[in-house]
file input-v7.txt (compact mmCIF, C-alpha atoms and all ligand atoms)
# COMPACT_ATOMS: atom_id res chain seq x y z
CA MET A 1 -11.09 -29.47 66.52
CA GLN A 2 -10.61 -27.03 69.40
CA GLU A 3 -12.69 -29.10 71.79
CA LEU A 4 -10.54 -32.13 70.96
CA ILE A 5 -7.37 -30.15 71.64
CA ARG A 6 -8.75 -29.07 75.05
CA LYS A 7 -9.43 -32.73 75.85
CA LEU A 8 -5.96 -33.66 74.66
CA LEU A 9 -4.39 -31.04 76.94
CA ALA A 10 -6.34 -32.41 79.89
CA GLU A 11 -5.27 -35.96 79.02
CA MET A 12 -1.67 -34.79 79.05
CA GLY A 13 -2.15 -33.70 82.64
CA GLU A 14 -2.51 -30.02 81.84
CA ASP A 15 -5.12 -27.48 82.87
CA PRO A 16 -6.62 -26.21 79.59
CA THR A 17 -8.12 -23.23 81.44
CA ARG A 18 -4.86 -21.76 82.65
CA GLU A 19 -3.90 -18.51 81.00
CA GLY A 20 -1.06 -19.73 78.82
CA LEU A 21 -3.20 -22.46 77.30
CA LEU A 22 -6.45 -20.58 76.84
CA ASN A 23 -5.87 -19.76 73.21
CA THR A 24 -3.82 -22.86 72.44
CA PRO A 25 -6.67 -24.91 70.93
CA ASN A 26 -7.32 -22.07 68.51
CA ARG A 27 -3.65 -21.86 67.54
CA VAL A 28 -3.26 -25.62 67.22
CA GLU A 29 -6.29 -25.83 64.97
CA LYS A 30 -4.90 -23.09 62.72
CA ALA A 31 -1.55 -24.83 62.59
CA TYR A 32 -3.05 -28.22 61.71
CA ARG A 33 -5.38 -26.71 59.11
CA PHE A 34 -2.35 -25.14 57.44
CA LEU A 35 -0.14 -28.22 57.75
CA THR A 36 -2.82 -30.38 56.14
CA SER A 37 -4.01 -27.83 53.58
CA GLY A 38 -2.64 -30.04 50.80
CA TYR A 39 -5.79 -32.18 51.00
CA HIS A 40 -7.80 -29.23 49.68
CA THR A 41 -5.39 -27.95 47.05
CA ASP A 42 -6.13 -28.73 43.43
CA ILE A 43 -2.90 -29.66 41.66
CA ASP A 44 -4.24 -28.48 38.29
CA GLN A 45 -4.92 -25.08 39.74
CA VAL A 46 -1.37 -24.97 41.11
CA LEU A 47 0.01 -25.80 37.66
CA ASN A 48 -2.39 -23.49 35.88
CA ASN A 49 -0.72 -21.84 32.87
CA ALA A 50 2.71 -23.04 33.91
CA LEU A 51 3.25 -25.73 31.27
CA PHE A 52 5.17 -24.58 28.23
CA THR A 53 5.88 -26.33 24.96
CA VAL A 54 9.59 -26.34 24.22
CA ASP A 55 12.22 -27.90 22.04
CA TYR A 56 14.55 -28.85 24.87
CA SER A 57 15.49 -32.27 26.08
CA GLU A 58 18.27 -31.75 28.61
CA MET A 59 17.81 -32.64 32.24
CA VAL A 60 16.05 -29.98 34.32
CA ILE A 61 16.99 -30.03 38.00
CA VAL A 62 15.51 -28.22 40.96
CA LYS A 63 17.49 -29.06 44.06
CA ASP A 64 17.34 -28.27 47.77
CA VAL A 65 13.62 -27.57 47.92
CA ASP A 66 12.81 -27.24 51.63
CA PHE A 67 9.81 -29.23 52.76
CA TYR A 68 7.98 -29.84 56.02
CA SER A 69 5.51 -32.66 56.53
CA LEU A 70 3.85 -34.64 59.31
CA CYS A 71 4.37 -38.37 59.73
CA GLU A 72 1.08 -40.19 59.76
CA HIS A 73 2.17 -42.57 62.50
CA HIS A 74 2.93 -40.01 65.19
CA LEU A 75 1.68 -36.67 63.82
CA LEU A 76 5.18 -35.32 64.34
CA PRO A 77 7.18 -33.36 61.77
CA PHE A 78 9.63 -34.73 59.31
CA PHE A 79 11.47 -32.22 57.17
CA GLY A 80 14.42 -31.76 54.90
CA LYS A 81 15.33 -31.26 51.27
CA CYS A 82 13.71 -32.47 48.10
CA HIS A 83 15.53 -32.73 44.77
CA VAL A 84 13.57 -33.05 41.56
CA ALA A 85 14.78 -33.71 38.02
CA TYR A 86 13.07 -34.47 34.77
CA ILE A 87 13.91 -34.76 31.10
CA PRO A 88 11.35 -32.89 28.99
CA SER A 89 9.66 -34.56 26.08
CA THR A 90 7.58 -31.71 24.66
CA LYS A 91 6.72 -29.66 27.75
CA VAL A 92 8.43 -27.98 30.64
CA ILE A 93 6.90 -26.73 33.84
CA GLY A 94 7.62 -23.32 35.35
CA LEU A 95 10.47 -23.85 37.80
CA SER A 96 8.68 -22.03 40.61
CA LYS A 97 5.89 -24.59 40.40
CA ILE A 98 8.05 -27.50 41.55
CA PRO A 99 8.23 -26.32 45.19
CA ARG A 100 4.45 -25.74 45.05
CA VAL A 101 3.89 -29.34 43.95
CA VAL A 102 6.12 -30.52 46.79
CA ASP A 103 4.09 -28.45 49.28
CA VAL A 104 0.75 -29.81 48.06
CA PHE A 105 1.79 -33.35 49.00
CA ALA A 106 3.96 -32.46 52.01
CA ARG A 107 1.04 -30.65 53.68
CA ARG A 108 -0.76 -33.88 54.43
CA LEU A 109 -0.19 -36.75 56.82
CA GLN A 110 2.53 -38.71 55.13
CA VAL A 111 5.15 -41.37 55.06
CA GLN A 112 8.29 -40.23 53.28
CA GLU A 113 8.19 -42.99 50.68
CA ARG A 114 4.66 -42.16 49.56
CA LEU A 115 5.38 -38.43 49.51
CA THR A 116 8.36 -39.08 47.23
CA ASN A 117 6.29 -41.23 44.87
CA GLN A 118 3.37 -38.79 44.73
CA ILE A 119 5.62 -35.93 43.65
CA ALA A 120 7.24 -38.08 40.94
CA ASP A 121 3.91 -39.48 39.73
CA THR A 122 2.35 -36.04 39.52
CA ILE A 123 5.18 -34.68 37.39
CA ARG A 124 5.06 -37.76 35.18
CA GLU A 125 1.32 -37.38 34.72
CA LYS A 126 1.19 -33.63 34.18
CA VAL A 127 4.42 -32.93 32.28
CA ARG A 128 4.75 -36.28 30.47
CA PRO A 129 8.56 -36.14 30.50
CA LEU A 130 10.97 -38.81 29.26
CA GLY A 131 11.86 -39.43 32.87
CA VAL A 132 11.50 -38.01 36.34
CA ALA A 133 13.54 -38.43 39.52
CA VAL A 134 12.76 -37.34 43.04
CA VAL A 135 15.06 -37.74 46.02
CA MET A 136 14.06 -36.66 49.52
CA GLU A 137 16.32 -36.42 52.56
CA ALA A 138 14.59 -35.86 55.87
CA THR A 139 14.96 -35.83 59.61
CA HIS A 140 12.07 -37.45 61.49
CA LEU A 141 11.33 -35.88 64.85
CA CYS A 142 9.28 -38.92 65.86
CA MET A 143 12.58 -40.77 65.86
CA SER A 144 15.11 -38.18 66.99
CA MET A 145 12.95 -36.61 69.74
CA ARG A 146 11.90 -39.94 71.17
CA GLY A 147 15.45 -41.27 71.06
CA VAL A 148 14.39 -44.30 69.06
CA GLU A 149 17.34 -46.62 68.69
CA LYS A 150 17.95 -46.64 64.97
CA GLN A 151 21.29 -46.10 63.37
CA ASN A 152 19.93 -43.09 61.56
CA SER A 153 16.96 -40.80 61.86
CA PHE A 154 18.06 -39.14 58.64
CA ALA A 155 16.21 -40.95 55.87
CA VAL A 156 16.69 -40.84 52.13
CA THR A 157 14.01 -41.98 49.69
CA SER A 158 13.95 -41.91 45.92
CA ALA A 159 11.60 -42.43 43.00
CA MET A 160 13.13 -42.97 39.57
CA LEU A 161 10.82 -43.19 36.58
CA GLY A 162 11.34 -43.54 32.83
CA ALA A 163 14.85 -42.62 31.69
CA PHE A 164 16.06 -42.36 35.28
CA ARG A 165 15.01 -45.93 35.92
CA ASP A 166 16.20 -47.33 32.59
CA SER A 167 19.55 -45.59 32.31
CA ALA A 168 22.15 -45.92 35.04
CA ARG A 169 24.10 -43.12 33.40
CA THR A 170 21.18 -40.68 33.58
CA ARG A 171 20.56 -41.67 37.18
CA MET A 172 24.23 -41.20 38.10
CA GLU A 173 24.33 -37.82 36.40
CA PHE A 174 21.40 -36.69 38.55
CA LEU A 175 22.82 -38.10 41.77
CA GLU A 176 26.19 -36.51 41.03
CA LEU A 177 24.49 -33.13 40.51
CA ILE A 178 22.62 -33.22 43.78
CA LYS A 179 25.60 -34.53 45.77
CA LEU A 180 23.75 -36.27 48.52
CA ARG A 181 24.94 -36.29 52.08
CA SER A 182 24.18 -39.99 52.31
CA ALA A 183 23.58 -42.94 50.02
CA VAL A 184 20.44 -43.26 47.98
CA PRO A 185 18.62 -46.53 48.37
CA GLY A 186 18.79 -48.65 45.25
CA VAL A 187 16.03 -48.15 42.75
CA ARG A 188 14.28 -51.40 43.50
CA GLU A 189 15.52 -51.81 47.00
CA ALA A 190 12.86 -51.00 49.55
CA PRO A 191 13.75 -48.07 51.73
CA SER A 192 14.44 -47.37 54.55
CA TYR A 193 14.91 -46.17 58.02
CA ALA A 194 12.30 -43.45 57.88
CA CYS A 195 9.58 -43.39 60.49
CA VAL A 196 8.01 -46.80 60.76
CA ALA A 197 4.76 -47.74 62.38
CA ASP A 198 6.16 -50.33 64.76
CA ASP A 199 5.96 -48.18 67.87
ZN ZN B 201 6.52 -41.10 62.93
call {"tool": "encode", "arguments": {"input": "input-v7.txt", "output": "structure tokens"}}
result
Amino acid sequence: MQELIRKLLAEMGEDPTREGLLNTPNRVEKAYRFLTSGYHTDIDQVLNNALFTVDYSEMVIVKDVDFYSLCEHHLLPFFGKCHVAYIPSTKVIGLSKIPRVVDVFARRLQVQERLTNQIADTIREKVRPLGVAVVMEATHLCMSMRGVEKQNSFAVTSAMLGAFRDSARTRMEFLELIKLRSAVPGVREAPSYACVADD
């Protein structure tokens, strides 16, 4: 990877041998290895011993989970807040594990919509709840830094499964509790104004 970064620096018009850049390929490699470490993380290991059998069926909400990811179209960051809710059937997951699950999928090359769905699908598969909802709000640097003319570089995506899809009341309760800064796209309506691959 470091040789590629040196080539990239030269292509940018830089001198990869000047002092300030000498160790840059090493640092960039470390950064990218970390930012894509989710490819090598086993979700079952992350959830190890954190599923508990309970007699509890009220909505569980973890809101304002910070996340940082890289858009797969430009390799630039998008980042923001993730809100997760589920309604337990027989099991709950340790609350501290939710941000870990978010990290596993955020630390890959992503589009926001897929990231949102992967988090929801994983919780559905591993916890088997009556329903799961994930809402992500993010700023995309590939849009804001490049000054792309879109009305909004702040994108909101959602995945609503089970009870959150079937019951408008459950969905509204969740959305009320997380008090979004902007509107959530409709459940079936395709999002959005996140980073798109058109340029
Ligand atoms: Zn992008």
call {"tool": "closest_atom_pairs", "arguments": {"input": "input-v7.txt", "of": "chain A", "to": "ligand ZN 201 (chain B)", "cutoff": "6 Å", "atoms": "all atoms listed in the file", "output": "JSON lines"}}
result
{"residue": "A:Cys71", "atom": "CA", "partner": "B:ZN201", "partner_atom": "ZN", "distance": 4.7}
{"residue": "A:His73", "atom": "CA", "partner": "B:ZN201", "partner_atom": "ZN", "distance": 4.6}
{"residue": "A:His74", "atom": "CA", "partner": "B:ZN201", "partner_atom": "ZN", "distance": 4.4}
{"residue": "A:Cys142", "atom": "CA", "partner": "B:ZN201", "partner_atom": "ZN", "distance": 4.6}
{"residue": "A:Cys195", "atom": "CA", "partner": "B:ZN201", "partner_atom": "ZN", "distance": 4.5}
call {"tool": "residues_around", "arguments": {"input": "input-v7.txt", "residues": "Ile98 of chain A", "least_positions_apart": "2", "cutoff": "9 Å", "atoms": "all atoms listed in the file", "output": "count of residues only"}}
result
12
call {"tool": "residues_near_point", "arguments": {"input": "input-v7.txt", "point": "(11.9, -38.8, 59.4)", "cutoff": "8 Å", "atoms": "all atoms listed in the file", "output": "list in words"}}
result
Cys71, Pro77, Phe78, Phe79, Gln112, Ala138, Thr139, His140, Leu141, Cys142, Met143, Ser153, Phe154, Ala155, Ala194 and Cys195 of chain A
call {"tool": "atom_distance", "arguments": {"input": "input-v7.txt", "atom1": "atom CA of Cys82 of chain A", "atom2": "atom CA of Met136 of chain A"}}
result
4.4 Å
call {"tool": "residues_around", "arguments": {"input": "input-v7.txt", "residues": "Val135 of chain A", "least_positions_apart": "3", "cutoff": "8 Å", "atoms": "all atoms listed in the file", "output": "list in words"}}
result
Cys82, His83, Val84, Thr116, Val156, Thr157, Ser158, Ala159 and Val184 of chain A
call {"tool": "residues_around", "arguments": {"input": "input-v7.txt", "residues": "Gln2 of chain A", "least_positions_apart": "2", "cutoff": "7 Å", "atoms": "only C-alpha atoms", "output": "list of chain:residue names"}}
result
A:Leu4, A:Ile5, A:Arg6, A:Pro25, A:Asn26, A:Glu29
call {"tool": "write_last_selection", "arguments": {"input": "input-v7.txt", "atoms": "C-alpha atoms", "output": "compact mmCIF listing (two decimals), in the coordinates of the input"}}
result
# COMPACT_ATOMS: atom_id res chain seq x y z
CA LEU A 4 -10.54 -32.13 70.96
CA ILE A 5 -7.37 -30.15 71.64
CA ARG A 6 -8.75 -29.07 75.05
CA PRO A 25 -6.67 -24.91 70.93
CA ASN A 26 -7.32 -22.07 68.51
CA GLU A 29 -6.29 -25.83 64.97
call {"tool": "closest_atom_pairs", "arguments": {"input": "input-v7.txt", "of": "segment 82-152 of chain A", "to": "segment 50-59 of chain A", "cutoff": "10 Å", "atoms": "all atoms listed in the file", "output": "CSV"}}
result
residue,atom,partner,partner_atom,distance
A:Ala85,CA,A:Met59,CA,6.6
A:Tyr86,CA,A:Met59,CA,5.7
A:Ile87,CA,A:Met59,CA,4.6
A:Pro88,CA,A:Ser57,CA,5.1
A:Ser89,CA,A:Ser57,CA,6.3
A:Thr90,CA,A:Thr53,CA,5.7
A:Lys91,CA,A:Thr53,CA,4.4
A:Val92,CA,A:Phe52,CA,5.3
A:Ile93,CA,A:Leu51,CA,4.6
A:Gly94,CA,A:Ala50,CA,5.1
A:Leu95,CA,A:Ala50,CA,8.7
A:Ser96,CA,A:Ala50,CA,9.0
A:Lys97,CA,A:Ala50,CA,7.4
A:Lys126,CA,A:Leu51,CA,8.7
A:Val127,CA,A:Leu51,CA,7.4
A:Pro129,CA,A:Ser57,CA,9.1
A:Leu130,CA,A:Ser57,CA,8.6
A:Gly131,CA,A:Met59,CA,9.1
A:Val132,CA,A:Met59,CA,9.2
call {"tool": "atom_distance", "arguments": {"input": "input-v7.txt", "atom1": "atom CA of Gly20 of chain A", "atom2": "atom CA of Met145 of chain A"}}
result
23.7 Å
call {"tool": "axis_aligned_box", "arguments": {"input": "input-v7.txt", "around": "segment 171-176 of chain A", "padding_each_side": "4 Å", "output": "JSON"}}
result
{"center_x": 23.4, "center_y": -39.1, "center_z": 39.1, "size_x": 13.6, "size_y": 13.2, "size_z": 13.4}
call {"tool": "atom_distance", "arguments": {"input": "input-v7.txt", "atom1": "atom CA of Gly147 of chain A", "atom2": "atom CA of Leu76 of chain A"}}
result
13.6 Å
call {"tool": "closest_residue", "arguments": {"input": "input-v7.txt", "among": "A:Gln45, A:Val60, A:Val111, A:Leu75", "to": "Thr170 of chain A", "atoms": "only C-alpha atoms"}}
result
A:Val60
call {"tool": "closest_residue", "arguments": {"input": "input-v7.txt", "among": "A:Arg18, A:Lys7, A:Lys81, A:Arg108", "to": "Tyr32 of chain A", "atoms": "all atoms listed in the file"}}
result
A:Arg108
